[in-house]
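Structure file input24.txt (compact mmCIF, C-alpha atoms and all ligand atoms) is printed below.
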```txt
# COMPACT_ATOMS: atom_id res chain seq x y z
CA MET M 251 -15.13 -89.43 10.16
CA THR M 252 -18.90 -90.05 10.25
CA THR M 253 -20.78 -92.22 7.73
CA GLN M 254 -24.15 -91.49 6.14
CA ALA M 255 -26.43 -93.47 8.34
CA ILE M 256 -30.14 -93.32 9.06
CA LEU M 257 -31.81 -94.12 12.36
CA LEU M 258 -35.21 -95.74 11.99
CA ILE M 259 -37.23 -95.16 15.16
CA ALA M 260 -40.21 -97.43 14.41
CA ALA M 261 -41.28 -99.93 11.76
CA VAL M 262 -42.22 -98.53 8.35
CA PRO M 263 -43.43 -100.51 5.30
CA ASP M 264 -40.88 -103.12 4.18
CA ALA M 265 -40.65 -101.62 0.71
CA LEU M 266 -39.59 -98.26 2.16
CA LEU M 267 -37.11 -99.90 4.51
CA ASP M 268 -35.60 -101.90 1.62
CA ARG M 269 -35.31 -98.78 -0.51
CA LEU M 270 -33.63 -96.79 2.25
CA ALA M 271 -31.32 -99.70 3.10
CA SER M 272 -30.25 -100.14 -0.50
CA ALA M 273 -29.04 -96.53 -0.62
CA TRP M 274 -27.74 -95.89 2.91
CA THR M 275 -26.96 -97.65 6.16
CA VAL M 276 -30.15 -98.03 8.21
CA HIS M 277 -30.07 -98.77 11.95
CA ARG M 278 -33.35 -99.88 13.51
CA LEU M 279 -33.55 -98.45 16.99
CA PHE M 280 -36.70 -100.42 17.81
CA GLU M 281 -34.87 -103.71 17.24
CA GLN M 282 -31.86 -102.94 19.44
CA ASP M 283 -31.61 -105.05 22.60
CA ASP M 284 -30.16 -102.07 24.38
CA PRO M 285 -31.15 -98.86 22.57
CA GLN M 286 -29.28 -96.73 25.11
CA THR M 287 -25.93 -98.44 24.47
CA PHE M 288 -26.57 -98.36 20.74
CA LEU M 289 -27.15 -94.59 20.84
CA ALA M 290 -24.04 -94.04 22.95
CA ASP M 291 -21.92 -96.10 20.51
CA LYS M 292 -23.37 -95.12 17.15
CA GLY M 293 -25.35 -91.92 17.79
CA ASP M 294 -22.72 -89.66 16.25
CA THR M 295 -22.81 -91.56 12.92
CA ILE M 296 -26.51 -90.82 12.38
CA LYS M 297 -27.25 -88.12 9.82
CA ALA M 298 -30.99 -88.60 9.33
CA VAL M 299 -33.87 -89.98 11.37
CA VAL M 300 -36.93 -91.68 9.90
CA THR M 301 -39.95 -92.12 12.13
CA ARG M 302 -43.73 -92.40 12.03
CA GLY M 303 -46.21 -89.64 12.80
CA ASP M 304 -47.73 -91.61 15.65
CA VAL M 305 -44.33 -92.41 17.21
CA GLY M 306 -42.23 -89.32 16.50
CA VAL M 307 -38.80 -88.97 18.07
CA ARG M 308 -38.11 -87.94 21.63
CA LYS M 309 -35.72 -85.16 22.58
CA GLU M 310 -33.73 -87.66 24.68
CA VAL M 311 -32.98 -89.62 21.49
CA LEU M 312 -32.22 -86.55 19.36
CA GLU M 313 -29.81 -85.33 22.03
CA GLN M 314 -27.65 -88.37 21.33
CA LEU M 315 -27.53 -87.69 17.58
CA PRO M 316 -25.20 -84.67 17.36
CA ASN M 317 -24.77 -84.98 13.58
CA ALA M 318 -28.42 -85.50 12.62
CA GLY M 319 -29.82 -82.90 10.24
CA LEU M 320 -33.16 -84.41 9.26
CA VAL M 321 -36.21 -86.02 10.83
CA ALA M 322 -38.35 -87.48 8.04
CA VAL M 323 -41.81 -88.31 9.37
CA PHE M 324 -43.87 -91.06 7.76
CA GLY M 325 -47.16 -89.26 8.41
CA VAL M 326 -48.33 -85.69 8.94
CA GLY M 327 -48.47 -85.51 12.72
CA THR M 328 -45.49 -83.90 14.44
CA ASP M 329 -46.98 -83.95 17.94
CA ALA M 330 -44.68 -86.78 19.05
CA THR M 331 -41.55 -85.04 17.77
CA ASP M 332 -39.96 -82.26 19.81
CA LEU M 333 -40.09 -79.40 17.30
CA ASN M 334 -38.63 -76.89 19.75
CA TYR M 335 -35.54 -79.06 19.97
CA THR M 336 -35.28 -79.70 16.20
CA ARG M 337 -35.59 -75.95 15.57
CA SER M 338 -32.98 -75.11 18.17
CA LYS M 339 -30.53 -77.55 16.55
CA ASN M 340 -31.39 -76.70 12.93
CA ILE M 341 -32.66 -80.21 12.30
CA ALA M 342 -35.06 -80.14 9.34
CA VAL M 343 -38.40 -81.95 9.70
CA THR M 344 -40.37 -83.28 6.75
CA ILE M 345 -43.86 -84.81 6.69
CA THR M 346 -45.86 -86.71 4.08
CA SER M 347 -48.05 -83.70 3.36
CA GLY M 348 -50.96 -83.97 0.95
CA VAL M 349 -50.89 -87.67 0.20
CA LEU M 350 -52.98 -89.01 3.10
CA THR M 351 -55.67 -86.31 3.32
CA ASN M 352 -58.29 -88.17 1.31
CA ASP M 353 -57.87 -91.50 3.07
CA VAL M 354 -58.18 -89.99 6.53
CA ALA M 355 -61.26 -88.00 5.47
CA ASP M 356 -62.74 -91.18 3.98
CA MET M 357 -62.13 -92.92 7.30
CA ALA M 358 -63.92 -90.12 9.17
CA MET M 359 -66.99 -90.55 6.99
CA GLY M 360 -66.73 -94.34 7.23
CA LEU M 361 -66.67 -94.16 11.02
CA LEU M 362 -69.53 -91.68 11.07
CA LEU M 363 -71.67 -93.94 8.89
CA ALA M 364 -70.60 -97.11 10.71
CA ALA M 365 -71.58 -95.62 14.06
CA SER M 366 -74.90 -94.05 13.18
CA ARG M 367 -76.08 -96.71 10.71
CA ARG M 368 -74.91 -99.54 13.00
CA LEU M 369 -72.81 -101.21 10.30
CA CYS M 370 -70.77 -103.36 12.70
CA GLN M 371 -73.89 -104.55 14.52
CA GLY M 372 -75.62 -105.29 11.21
CA ASP M 373 -72.66 -107.35 10.07
CA SER M 374 -72.63 -109.55 13.17
CA PHE M 375 -76.43 -109.74 13.12
CA VAL M 376 -76.30 -111.39 9.68
CA ARG M 377 -73.28 -113.59 10.50
CA GLN M 378 -74.87 -114.86 13.70
CA GLY M 379 -78.02 -115.89 11.83
CA LYS M 380 -80.17 -113.54 13.91
CA TRP M 381 -81.84 -112.12 10.79
CA LEU M 382 -83.60 -115.44 10.31
CA ASN M 383 -85.88 -114.79 13.29
CA THR M 384 -85.44 -111.18 14.46
CA ALA M 385 -85.91 -107.74 12.92
CA PRO M 386 -82.78 -105.60 12.75
CA THR M 387 -82.53 -102.53 15.03
CA LEU M 388 -82.94 -99.06 13.51
CA GLY M 389 -80.01 -96.71 13.11
CA ASN M 390 -79.91 -92.92 12.86
CA GLN M 391 -79.96 -90.85 9.69
CA VAL M 392 -76.80 -89.13 8.49
CA SER M 393 -78.03 -87.15 5.48
CA GLY M 394 -78.99 -83.59 6.33
CA LYS M 395 -77.65 -83.76 9.90
CA ARG M 396 -75.33 -81.23 11.57
CA ILE M 397 -71.62 -82.03 11.49
CA GLY M 398 -69.22 -80.03 13.65
CA ILE M 399 -65.60 -80.28 12.60
CA LEU M 400 -62.86 -79.49 15.09
CA GLY M 401 -59.86 -78.49 12.98
CA MET M 402 -60.21 -77.04 9.48
CA GLY M 403 -56.82 -77.93 8.03
CA ASN M 404 -56.46 -80.07 4.91
CA ILE M 405 -58.13 -83.09 6.52
CA GLY M 406 -60.94 -81.06 8.10
CA GLN M 407 -61.67 -79.46 4.74
CA ALA M 408 -61.68 -82.83 2.98
CA ILE M 409 -64.18 -84.11 5.58
CA ALA M 410 -66.35 -81.03 5.03
CA ARG M 411 -66.39 -81.61 1.25
CA ARG M 412 -67.52 -85.19 1.82
CA ALA M 413 -70.13 -84.11 4.37
CA ALA M 414 -71.51 -81.63 1.82
CA GLY M 415 -72.14 -84.64 -0.43
CA PHE M 416 -74.37 -86.00 2.33
CA ASP M 417 -76.27 -82.67 2.46
CA MET M 418 -74.97 -82.15 5.99
CA GLN M 419 -74.98 -78.74 7.69
CA ILE M 420 -71.34 -77.98 8.32
CA SER M 421 -69.87 -75.95 11.20
CA TYR M 422 -66.33 -75.80 12.50
CA THR M 423 -63.87 -74.34 14.90
CA SER M 424 -60.18 -74.18 14.18
CA ARG M 425 -56.93 -72.42 15.06
CA SER M 426 -57.89 -69.75 12.56
CA ARG M 427 -61.05 -68.77 10.77
CA HIS M 428 -61.25 -69.53 7.02
CA ASP M 429 -63.42 -66.75 5.64
CA ALA M 430 -63.31 -68.23 2.13
CA LEU M 431 -65.03 -71.43 3.29
CA PRO M 432 -68.84 -71.55 3.26
CA TYR M 433 -69.14 -73.21 6.69
CA ALA M 434 -70.47 -71.77 9.95
CA TRP M 435 -67.77 -70.70 12.40
CA HIS M 436 -67.81 -71.26 16.18
CA ASP M 437 -65.48 -69.48 18.57
CA ASP M 438 -64.85 -72.57 20.65
CA VAL M 439 -65.37 -76.30 20.68
CA GLN M 440 -68.05 -76.21 23.39
CA SER M 441 -70.27 -73.96 21.31
CA LEU M 442 -69.55 -76.15 18.26
CA ALA M 443 -70.53 -79.25 20.25
CA ARG M 444 -73.85 -77.68 21.29
CA ASP M 445 -74.81 -77.37 17.59
CA SER M 446 -73.55 -80.77 16.37
CA ASP M 447 -75.19 -84.12 15.75
CA PHE M 448 -71.72 -85.44 14.89
CA LEU M 449 -68.57 -83.88 16.33
CA VAL M 450 -65.59 -84.90 14.21
CA ILE M 451 -62.09 -84.29 15.53
CA ALA M 452 -59.59 -83.43 12.80
CA ALA M 453 -57.19 -81.11 14.63
CA ALA M 454 -53.48 -81.62 15.27
CA GLY M 455 -52.36 -83.30 18.48
CA GLY M 456 -49.79 -81.93 20.90
CA GLU M 457 -49.71 -79.90 24.09
CA SER M 458 -51.89 -77.06 22.79
CA THR M 459 -54.85 -79.33 22.01
CA LYS M 460 -54.42 -81.87 24.82
CA GLY M 461 -57.76 -82.75 26.41
CA LEU M 462 -59.59 -80.14 24.31
CA VAL M 463 -62.62 -82.42 24.11
CA ASN M 464 -63.21 -82.60 27.85
CA ALA M 465 -66.19 -83.36 30.09
CA ASP M 466 -67.73 -79.91 29.44
CA VAL M 467 -67.55 -80.37 25.67
CA LEU M 468 -69.01 -83.86 25.88
CA HIS M 469 -71.75 -82.52 28.12
CA ALA M 470 -72.48 -79.75 25.58
CA LEU M 471 -73.15 -82.34 22.86
CA PRO M 472 -76.82 -83.29 22.42
CA LYS M 473 -77.67 -86.70 23.89
CA HIS M 474 -78.21 -88.11 20.39
CA ALA M 475 -74.77 -86.92 19.16
CA TRP M 476 -71.78 -89.00 18.14
CA LEU M 477 -68.11 -88.28 18.66
CA ILE M 478 -65.76 -89.25 15.81
CA ASN M 479 -61.96 -89.05 16.22
CA ILE M 480 -59.51 -89.62 13.36
CA ALA M 481 -56.87 -87.19 14.65
CA ARG M 482 -55.09 -87.97 17.92
CA GLY M 483 -56.32 -89.65 21.07
CA THR M 484 -54.73 -86.92 23.16
CA LEU M 485 -57.36 -84.40 22.02
CA VAL M 486 -60.00 -86.27 24.01
CA ASP M 487 -60.14 -86.73 27.77
CA GLN M 488 -60.63 -90.48 27.40
CA SER M 489 -61.88 -91.01 30.98
CA ALA M 490 -64.43 -88.24 30.49
CA LEU M 491 -65.51 -89.91 27.23
CA ILE M 492 -65.98 -93.26 28.97
CA GLN M 493 -68.02 -91.52 31.68
CA ALA M 494 -70.18 -89.71 29.11
CA LEU M 495 -70.82 -92.97 27.25
CA ARG M 496 -71.58 -94.82 30.46
CA LYS M 497 -74.09 -92.19 31.56
CA GLY M 498 -75.69 -92.01 28.11
CA ASP M 499 -74.74 -88.34 27.72
CA ILE M 500 -73.96 -88.99 24.04
CA ALA M 501 -75.19 -91.63 21.59
CA GLY M 502 -71.79 -93.19 21.00
CA ALA M 503 -68.32 -92.76 19.56
CA ALA M 504 -66.26 -93.95 16.62
CA LEU M 505 -62.53 -93.86 17.20
CA ASP M 506 -59.43 -94.52 15.13
CA VAL M 507 -57.05 -93.09 17.73
CA TYR M 508 -56.55 -93.39 21.51
CA GLU M 509 -54.67 -91.79 24.37
CA GLN M 510 -52.14 -94.64 24.78
CA GLU M 511 -51.97 -96.63 21.53
CA PRO M 512 -52.20 -99.55 21.12
CA GLN M 513 -53.94 -99.74 24.50
CA VAL M 514 -57.70 -99.45 24.19
CA PRO M 515 -59.61 -99.32 27.49
CA GLU M 516 -61.74 -102.37 28.27
CA GLU M 517 -64.68 -100.06 28.95
CA LEU M 518 -64.66 -98.88 25.32
CA ILE M 519 -64.22 -102.42 24.02
CA ALA M 520 -67.28 -103.52 26.01
CA MET M 521 -69.59 -100.84 24.60
CA SER M 522 -71.64 -101.75 21.56
CA ASN M 523 -72.27 -98.08 20.68
CA VAL M 524 -68.54 -97.54 20.13
CA VAL M 525 -66.83 -98.34 16.83
CA LEU M 526 -63.11 -99.03 17.21
CA GLN M 527 -60.36 -98.96 14.60
CA PRO M 528 -56.61 -99.53 15.10
CA HIS M 529 -55.28 -96.13 13.85
CA VAL M 530 -55.71 -96.96 10.17
CA GLY M 531 -56.84 -93.63 8.70
CA SER M 532 -54.01 -93.57 6.17
CA ALA M 533 -53.64 -97.35 5.91
CA THR M 534 -54.40 -98.11 2.26
CA HIS M 535 -51.97 -99.69 -0.20
CA GLU M 536 -52.13 -96.61 -2.40
CA THR M 537 -51.52 -94.04 0.31
CA ARG M 538 -48.85 -95.98 2.17
CA GLN M 539 -46.98 -96.28 -1.15
CA LYS M 540 -47.21 -92.52 -1.68
CA MET M 541 -46.14 -91.85 1.91
CA SER M 542 -43.14 -94.12 1.39
CA ASP M 543 -42.22 -92.26 -1.82
CA VAL M 544 -42.43 -88.91 -0.04
CA VAL M 545 -40.22 -90.08 2.84
CA PHE M 546 -37.66 -91.48 0.40
CA ALA M 547 -37.66 -88.31 -1.71
CA ASN M 548 -36.99 -86.15 1.34
CA VAL M 549 -34.18 -88.34 2.65
CA GLU M 550 -32.61 -88.43 -0.80
CA ALA M 551 -32.88 -84.64 -1.17
CA PHE M 552 -31.30 -84.23 2.26
CA PHE M 553 -28.30 -86.41 1.40
CA LYS M 554 -27.88 -84.61 -1.92
CA ALA M 555 -28.12 -81.28 -0.08
CA ASP M 556 -31.10 -80.32 -2.29
CA ASP M 557 -34.18 -78.40 -1.09
CA LEU M 558 -36.43 -80.66 0.96
CA PRO M 559 -39.76 -81.09 -0.88
CA ASN M 560 -41.87 -81.51 2.28
CA ALA M 561 -40.11 -79.53 4.98
CA ILE M 562 -42.37 -77.92 7.59
C1 LIG E 1 -49.98 -92.88 10.33
C2 LIG E 1 -50.47 -90.59 11.36
O1 LIG E 1 -50.87 -93.88 10.71
O2 LIG E 1 -50.05 -89.03 9.68
C3 LIG E 1 -49.98 -89.30 10.86
O3 LIG E 1 -49.51 -88.50 11.68
O4 LIG E 1 -50.68 -90.76 12.52
C4 LIG E 1 -50.79 -91.66 10.42
O5 LIG E 1 -50.98 -91.27 9.12
C5 LIG E 1 -48.72 -93.10 11.02
O6 LIG E 1 -47.82 -92.10 11.01
C6 LIG E 1 -48.07 -94.37 10.46
O7 LIG E 1 -48.11 -95.33 11.36
```
Would you give me this structure, written as structure tokens?
Amino acid sequence: MTTQAILLIAAVPDALLDRLASAWTVHRLFEQDDPQTFLADKGDTIKAVVTRGDVGVRKEVLEQLPNAGLVAVFGVGTDATDLNYTRSKNIAVTITSGVLTNDVADMAMGLLLAASRRLCQGDSFVRQGKWLNTAPTLGNQVSGKRIGILGMGNIGQAIARRAAGFDMQISYTSRSRHDALPYAWHDDVQSLARDSDFLVIAAAGGESTKGLVNADVLHALPKHAWLINIARGTLVDQSALIQALRKGDIAGAALDVYEQEPQVPEELIAMSNVVLQPHVGSATHETRQKMSDVVFANVEAFFKADDLPNAI
């Protein structure tokens, strides 16, 4: 006889954890001294898995959960979860669709402005008292410039709407063309890069987009262009980016995501034309609350055998 237990793969907000734990048994895999032994002992009692978008759940873990029927993702990215395996085993996958779009798009614009208008440098310039005897350095204009968006899903479209408010000229490339949108289409990312003052990455991660922004794409960008990434670090060839920055092939970069989080290469940390954030696109009180509600609602629906509100 199996019990209704949830396996939590990585930390989620305390309020969500408390809510889940008050309704069902929650095992925290990330706090087990020996996760392997835990899975061997308790794996067959697990009915649902809760994980984060950035962490996902590996096939090797799912293989030890023969009675699991749900993976509820706190986030929208499924690149770290083996969807071929979940499909083959009829394990449903839910995401926190809709609720984080605006925050991530806001972060893209924040990074774009921070990079080109030198907001971080201006902040330390004032704090260090340099303003008292030096003139601040000029930044680069954002309004009216060309923004190229890689990925025109919900987040890409929200970025485009914001960019329109800055009178930017908007182009994009994406898995599919959106004829209803009034933005210029490019067949590939290299051609998009050639026509961009800001290249903003908003596409899904995973094998199909791995390294999409490679040395050729970075080389295609004008020398005054900026690279902004709020999607997944895997989309960018990080070594090629470091090379391009070192050689001055592009003006700079503003990144919320990296190839191996939370590892950020020293080279990037040392560069003053790079703005760095710790993967916080969706990290506001309001959105994290909504994401928690969505995860809970899907787990609850699953245990009640109701339709899952956010199944993919
Ligand atoms: C979250 C994300 O930061 O939605 C995603 O896929 O990567 C982010 O919104 C993450 O899932 C929570 O840590």
Original post:
With all atoms listed in the file as the atoms that count, which of M:Leu267, M:Ala481, M:Val524, M:Ile420 lies nearest to ligand LIG 1 (chain E)?
Top reply: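 Of the candidates, the smallest distance to ligand LIG 1 (chain E) is held by M:Ala481.
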Closest contacts (chain M/ligand LIG 1 (chain E), max 10 Å, all atoms listed in the file) as JSON lines:
```
{"residue": "M:Ala260", "atom": "CA", "partner": "E:LIG1", "partner_atom": "O7", "distance": 8.7}
{"residue": "M:Ala261", "atom": "CA", "partner": "E:LIG1", "partner_atom": "O7", "distance": 8.2}
{"residue": "M:Val262", "atom": "CA", "partner": "E:LIG1", "partner_atom": "O7", "distance": 7.3}
{"residue": "M:Pro263", "atom": "CA", "partner": "E:LIG1", "partner_atom": "O7", "distance": 9.2}
{"residue": "M:Thr301", "atom": "CA", "partner": "E:LIG1", "partner_atom": "O6", "distance": 7.9}
{"residue": "M:Arg302", "atom": "CA", "partner": "E:LIG1", "partner_atom": "O6", "distance": 4.2}
{"residue": "M:Gly303", "atom": "CA", "partner": "E:LIG1", "partner_atom": "O6", "distance": 3.4}
{"residue": "M:Asp304", "atom": "CA", "partner": "E:LIG1", "partner_atom": "O4", "distance": 4.4}
{"residue": "M:Val305", "atom": "CA", "partner": "E:LIG1", "partner_atom": "O6", "distance": 7.1}
{"residue": "M:Gly306", "atom": "CA", "partner": "E:LIG1", "partner_atom": "O6", "distance": 8.3}
{"residue": "M:Val323", "atom": "CA", "partner": "E:LIG1", "partner_atom": "O6", "distance": 7.3}
{"residue": "M:Phe324", "atom": "CA", "partner": "E:LIG1", "partner_atom": "O6", "distance": 5.2}
{"residue": "M:Gly325", "atom": "CA", "partner": "E:LIG1", "partner_atom": "O2", "distance": 3.2}
{"residue": "M:Val326", "atom": "CA", "partner": "E:LIG1", "partner_atom": "O2", "distance": 3.8}
{"residue": "M:Gly327", "atom": "CA", "partner": "E:LIG1", "partner_atom": "O3", "distance": 3.3}
{"residue": "M:Thr328", "atom": "CA", "partner": "E:LIG1", "partner_atom": "O3", "distance": 6.7}
{"residue": "M:Asp329", "atom": "CA", "partner": "E:LIG1", "partner_atom": "O3", "distance": 8.1}
{"residue": "M:Ala330", "atom": "CA", "partner": "E:LIG1", "partner_atom": "O3", "distance": 9.0}
{"residue": "M:Ile345", "atom": "CA", "partner": "E:LIG1", "partner_atom": "O2", "distance": 8.1}
{"residue": "M:Thr346", "atom": "CA", "partner": "E:LIG1", "partner_atom": "O2", "distance": 7.4}
{"residue": "M:Ser347", "atom": "CA", "partner": "E:LIG1", "partner_atom": "O2", "distance": 8.5}
{"residue": "M:Val349", "atom": "CA", "partner": "E:LIG1", "partner_atom": "O2", "distance": 9.6}
{"residue": "M:Leu350", "atom": "CA", "partner": "E:LIG1", "partner_atom": "O5", "distance": 6.7}
{"residue": "M:Thr351", "atom": "CA", "partner": "E:LIG1", "partner_atom": "O2", "distance": 8.9}
{"residue": "M:Asp353", "atom": "CA", "partner": "E:LIG1", "partner_atom": "O5", "distance": 9.2}
{"residue": "M:Val354", "atom": "CA", "partner": "E:LIG1", "partner_atom": "O5", "distance": 7.8}
{"residue": "M:Ala454", "atom": "CA", "partner": "E:LIG1", "partner_atom": "O3", "distance": 8.7}
{"residue": "M:Gly455", "atom": "CA", "partner": "E:LIG1", "partner_atom": "O3", "distance": 9.0}
{"residue": "M:Ile480", "atom": "CA", "partner": "E:LIG1", "partner_atom": "O4", "distance": 8.9}
{"residue": "M:Ala481", "atom": "CA", "partner": "E:LIG1", "partner_atom": "O4", "distance": 7.5}
{"residue": "M:Arg482", "atom": "CA", "partner": "E:LIG1", "partner_atom": "O4", "distance": 7.5}
{"residue": "M:Asp506", "atom": "CA", "partner": "E:LIG1", "partner_atom": "O1", "distance": 9.7}
{"residue": "M:Val507", "atom": "CA", "partner": "E:LIG1", "partner_atom": "O4", "distance": 8.6}
{"residue": "M:Pro528", "atom": "CA", "partner": "E:LIG1", "partner_atom": "O1", "distance": 9.2}
{"residue": "M:His529", "atom": "CA", "partner": "E:LIG1", "partner_atom": "O1", "distance": 5.9}
{"residue": "M:Val530", "atom": "CA", "partner": "E:LIG1", "partner_atom": "O1", "distance": 5.8}
{"residue": "M:Gly531", "atom": "CA", "partner": "E:LIG1", "partner_atom": "O1", "distance": 6.3}
{"residue": "M:Ser532", "atom": "CA", "partner": "E:LIG1", "partner_atom": "O5", "distance": 4.8}
{"residue": "M:Ala533", "atom": "CA", "partner": "E:LIG1", "partner_atom": "O1", "distance": 6.5}
{"residue": "M:Thr537", "atom": "CA", "partner": "E:LIG1", "partner_atom": "O5", "distance": 9.3}
{"residue": "M:Arg538", "atom": "CA", "partner": "E:LIG1", "partner_atom": "C6", "distance": 8.5}
{"residue": "M:Met541", "atom": "CA", "partner": "E:LIG1", "partner_atom": "O5", "distance": 8.7}
```
Can you report as lines of an AutoDock Vina configuration file the centre and edge lengths in Å, to one decimal, of an axis-aligned box around the listed atoms of stretch 272-282 of chain M padded with 6 Å on each side?
```
center_x = -31.8
center_y = -99.8
center_z = 9.4
size_x = 21.7
size_y = 19.8
size_z = 32.1
```
Subject >> Point-to-point distance in Å for atom CA of M:Gln286 and atom CA of M:Ala271 >> reply: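 Between these atoms lies a distance of 22.3 Å.
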**OP:** List the residues sitting within 10 Å of (-35.2, -87.7, 21.8) in the file's frame, using all atoms listed in the file, as a VMD selection string.
**Re:** chain M and resid 306 to 315 330 to 332 335 to 336
Can you spit out the residues from that selection as a PDB file, in the coordinates of the input, using C-alpha atoms?
```
ATOM      1  CA  GLY M 306     -42.230 -89.320  16.500  1.00  0.00           C
ATOM      2  CA  VAL M 307     -38.800 -88.970  18.070  1.00  0.00           C
ATOM      3  CA  ARG M 308     -38.110 -87.940  21.630  1.00  0.00           C
ATOM      4  CA  LYS M 309     -35.720 -85.160  22.580  1.00  0.00           C
ATOM      5  CA  GLU M 310     -33.730 -87.660  24.680  1.00  0.00           C
ATOM      6  CA  VAL M 311     -32.980 -89.620  21.490  1.00  0.00           C
ATOM      7  CA  LEU M 312     -32.220 -86.550  19.360  1.00  0.00           C
ATOM      8  CA  GLU M 313     -29.810 -85.330  22.030  1.00  0.00           C
ATOM      9  CA  GLN M 314     -27.650 -88.370  21.330  1.00  0.00           C
ATOM     10  CA  LEU M 315     -27.530 -87.690  17.580  1.00  0.00           C
ATOM     11  CA  ALA M 330     -44.680 -86.780  19.050  1.00  0.00           C
ATOM     12  CA  THR M 331     -41.550 -85.040  17.770  1.00  0.00           C
ATOM     13  CA  ASP M 332     -39.960 -82.260  19.810  1.00  0.00           C
ATOM     14  CA  TYR M 335     -35.540 -79.060  19.970  1.00  0.00           C
ATOM     15  CA  THR M 336     -35.280 -79.700  16.200  1.00  0.00           C
TER      16      THR M 336
END
```
Original post:
Please, which residues are within 6 Å of (-64.7, -77.9, 19.5) by the file's coordinates, counting only C-alpha atoms, and could they come as a ChimeraX atom specification?
Top reply: /M:400,423,438-440,442
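Of note, atom CA of M:Gly319 and atom CA of M:Val299 are spaced 8.2 Å apart.
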Kindly output stretch 368-380 of chain M as a PDB file, in the coordinates of the input, after building N, CA, C and O atoms.
```pdb
ATOM      1  N   ARG M 368     -75.101 -98.258  12.306  1.00  0.00           N
ATOM      2  CA  ARG M 368     -74.910 -99.540  13.000  1.00  0.00           C
ATOM      3  C   ARG M 368     -74.338-100.631  12.074  1.00  0.00           C
ATOM      4  O   ARG M 368     -74.793-101.772  12.060  1.00  0.00           O
ATOM      5  N   LEU M 369     -73.345-100.263  11.288  1.00  0.00           N
ATOM      6  CA  LEU M 369     -72.810-101.210  10.300  1.00  0.00           C
ATOM      7  C   LEU M 369     -72.156-102.432  10.958  1.00  0.00           C
ATOM      8  O   LEU M 369     -72.312-103.560  10.477  1.00  0.00           O
ATOM      9  N   CYS M 370     -71.430-102.222  12.053  1.00  0.00           N
ATOM     10  CA  CYS M 370     -70.770-103.360  12.700  1.00  0.00           C
ATOM     11  C   CYS M 370     -71.805-104.311  13.302  1.00  0.00           C
ATOM     12  O   CYS M 370     -71.695-105.536  13.173  1.00  0.00           O
ATOM     13  N   GLN M 371     -72.832-103.706  13.935  1.00  0.00           N
ATOM     14  CA  GLN M 371     -73.890-104.550  14.520  1.00  0.00           C
ATOM     15  C   GLN M 371     -74.639-105.316  13.432  1.00  0.00           C
ATOM     16  O   GLN M 371     -74.983-106.488  13.604  1.00  0.00           O
ATOM     17  N   GLY M 372     -74.905-104.644  12.311  1.00  0.00           N
ATOM     18  CA  GLY M 372     -75.620-105.290  11.210  1.00  0.00           C
ATOM     19  C   GLY M 372     -74.836-106.470  10.664  1.00  0.00           C
ATOM     20  O   GLY M 372     -75.386-107.542  10.363  1.00  0.00           O
ATOM     21  N   ASP M 373     -73.531-106.291  10.578  1.00  0.00           N
ATOM     22  CA  ASP M 373     -72.660-107.350  10.070  1.00  0.00           C
ATOM     23  C   ASP M 373     -72.732-108.582  10.987  1.00  0.00           C
ATOM     24  O   ASP M 373     -72.965-109.706  10.524  1.00  0.00           O
ATOM     25  N   SER M 374     -72.591-108.361  12.296  1.00  0.00           N
ATOM     26  CA  SER M 374     -72.630-109.550  13.170  1.00  0.00           C
ATOM     27  C   SER M 374     -74.042-110.131  13.264  1.00  0.00           C
ATOM     28  O   SER M 374     -74.211-111.342  13.450  1.00  0.00           O
ATOM     29  N   PHE M 375     -75.046-109.283  13.100  1.00  0.00           N
ATOM     30  CA  PHE M 375     -76.430-109.740  13.120  1.00  0.00           C
ATOM     31  C   PHE M 375     -76.670-110.773  12.000  1.00  0.00           C
ATOM     32  O   PHE M 375     -77.266-111.830  12.214  1.00  0.00           O
ATOM     33  N   VAL M 376     -76.144-110.463  10.807  1.00  0.00           N
ATOM     34  CA  VAL M 376     -76.300-111.390   9.680  1.00  0.00           C
ATOM     35  C   VAL M 376     -75.456-112.646   9.918  1.00  0.00           C
ATOM     36  O   VAL M 376     -75.926-113.777   9.781  1.00  0.00           O
ATOM     37  N   ARG M 377     -74.183-112.443  10.300  1.00  0.00           N
ATOM     38  CA  ARG M 377     -73.280-113.590  10.500  1.00  0.00           C
ATOM     39  C   ARG M 377     -73.778-114.554  11.563  1.00  0.00           C
ATOM     40  O   ARG M 377     -73.579-115.762  11.454  1.00  0.00           O
ATOM     41  N   GLN M 378     -74.400-114.002  12.592  1.00  0.00           N
ATOM     42  CA  GLN M 378     -74.870-114.860  13.700  1.00  0.00           C
ATOM     43  C   GLN M 378     -76.225-115.500  13.414  1.00  0.00           C
ATOM     44  O   GLN M 378     -76.802-116.165  14.273  1.00  0.00           O
ATOM     45  N   GLY M 379     -76.751-115.273  12.215  1.00  0.00           N
ATOM     46  CA  GLY M 379     -78.020-115.890  11.830  1.00  0.00           C
ATOM     47  C   GLY M 379     -79.235-115.288  12.519  1.00  0.00           C
ATOM     48  O   GLY M 379     -80.345-115.835  12.451  1.00  0.00           O
ATOM     49  N   LYS M 380     -79.055-114.127  13.164  1.00  0.00           N
ATOM     50  CA  LYS M 380     -80.170-113.540  13.910  1.00  0.00           C
ATOM     51  C   LYS M 380     -81.267-113.009  12.987  1.00  0.00           C
ATOM     52  O   LYS M 380     -82.430-112.898  13.380  1.00  0.00           O
TER      53      LYS M 380
END
```
